[in-house]
Amino acid sequence: MSENYRRAANYFEMKDDIPNALKYYRKAGATQRVKELLIRNAKNHPGAGRYVETKEYYFEIPREEILELPVLMAGMSMLCDLLLLPEPSEEWYRELEAFGKDKSKSRELRRDARTRLAYLDIALPHRGIRGILRIMKNSFALVQKGDIALLEFSVTGNMPSVMNGGLDFSEWSKNDTQIAKFMGKSLEVLLGKFGNGLVTIALVESGFEKGAMPAYEVLTRCSNGFEAAAHGGKIEMCFVSVGIQVRQHLVEGQLPSAKRVYDSFLEKAKAEGADQLLPNAQAFGVWLSLFGGCGEQVEEYIHTVPDARVHFCILDRYRQMVKLRCLIAVNRLEEANDLAMFLTGYFVSYERHFYHMENELLKAIILYRMGDEHWKGLLRDALTETGEYHFVRIVSLEGAAVLPLLKQMREEGAFQGVDEEYIQQVYEECIRVASSYPDYLKYIPQETVALTKKEMQVLSLLCAGMSMEEICGVLDIGYDGLKKHNRSIYRKLGAKNRAEAERKAAQLGLVHRGESGYGGGIK
């Protein structure tokens, strides 16, 4: 049996399926092979790569064995940080730092320790970007002198963004062109293949978010950045380029164009076996679908994303934000509020300013729909912060969902302290986006759904799964009469078809979905 487990482990290892390879090596009792595979994983994927999926194996390695190898100490520092454990992360960093200064260790191991420290100085998520320009400049000098060979890492974190990728670079956007001129060459050297197209794409994203760059220029520069990344660079940077292009098409009201760009990239990612990108790429597709109105895909997606309060790692942040919007779209406001409150702690403690601004906007929308007046303070604070960076699109892409809030605040003159020119630009663009996508995160308060008694009966039977013929028989009405009732129900619920009407009726608490029996579903 042990030999069969070892063969299975070898098979999965050849397929680069590290979690399953570890599982079967453990079953085979091959403890040393487990450790070797963990070391190799930490060497090949020093950032986010498979740490979370294999965390139980890393935590099983005896502490004294971890302290023997810089690669494992660095791996444990990163793993703890990914799991929202910054204090243990810093403890492992200090152990690695002490190792690098210990002259009883070999020169090769001390150099490896310095290399991994330089990597962690830039890449540890909880440290944010404080002092990172100085750190990068120092690392660049060490690389040039040959003291270290900096490990390859991604600035995107597998997200469709640089500004909001591996770290939060919102602050850089205030002086984007100057920083690009000052650090551009150094960044390209430090990041290796991840540097291809980086400066071009980062500047485009900053210009796009501020609404300061014409659409044609955004799309042209994105294409140039994509080509640079696609030829000798990394597909992760291509994802950022695609993310910006999609958002630009959405702002212009061109949903079909946005979908074409996305679909083409998704096929490319699958063809190239970019498995590390697929969870976020698929989440991006779900977010894109919200602009066409809520569909079955949204409900399904909610169930695929882990409950953040039970299992959360920072690699899930983008998926959790898409889930948050999905919960709002299907009117599960209490759940949405719980998730938004949980995410606030992470965004604040890890200095994720861009995500924090997005989250505060969504929290304001949630509280507005729940009838909680605290939404006004949240929205004003969020717009004060987005206005500081002049981020227009972070607000306007919430379009139809945020527009009623903006209108009420304007009517009440409640934007004191927020730049008037900025608010005007945001407001006008929100109107344009909302007119293009009126069904985005569409909200229908239950009290506004005025169904007649007969319509309630029809809706109840629809949700009970009865066929049209069966409903006609039970209610003693003709087929044409039933179709007339259905059209009226769909219109009042803002639904396009029976499935959507059933789903919205359940969300609004009008019926209990799936119950059988005449009238059994009426509340």
# chains A, B, ... in the order shown; residues from 1 in each chain; ligands from 1
$ residues_around --residues "stretch 2-12 of chain A" --least-positions-apart "4" --cutoff "10 Å" --atoms "only C-alpha atoms" --output "count of residues only"
17
$ residues_around --residues "stretch 361-363 of chain A" --least-positions-apart "2" --cutoff "8 Å" --atoms "only C-alpha atoms" --output "PyMOL selection string"
chain A and resi 325+337+340+357-359+365-367+375+378-379+382+395+402
$ closest_residue --among "A:Ser206, A:Asn138, A:Gln282, A:Ser89" --to "A:Tyr262" --atoms "only C-alpha atoms"
A:Gln282
$ atom_distance --atom1 "atom CA of A:Ser289" --atom2 "atom CA of A:Ser436"
13.6 Å
$ closest_residue --among "A:Glu398, A:Asp168, A:Glu91, A:Asp112" --to "A:Pro438" --atoms "only C-alpha atoms"
A:Glu398
$ closest_residue --among "A:Ile122, A:Cys222, A:Ala212, A:Ile489" --to "A:Tyr422" --atoms "only C-alpha atoms"
A:Ala212
$ residues_around --residues "A:Leu343" --least-positions-apart "3" --cutoff "9 Å" --atoms "only C-alpha atoms" --output "list in words"
Ala308, Arg317, Gln320, Met321, Asp338, Leu339, Ala340, Tyr346, Phe347, Val348, His356 and Asn359 of chain A
$ atom_distance --atom1 "atom CA of A:Tyr119" --atom2 "atom CA of A:Pro46"
8.5 Å
$ residues_around --residues "A:Leu96" --least-positions-apart "2" --cutoff "8 Å" --atoms "only C-alpha atoms" --output "ChimeraX atom specification"
/A:67,70,73-74,92-94,98-100,113,117
$ atom_distance --atom1 "atom CA of A:Tyr437" --atom2 "atom CA of A:Gly253"
7.7 Å
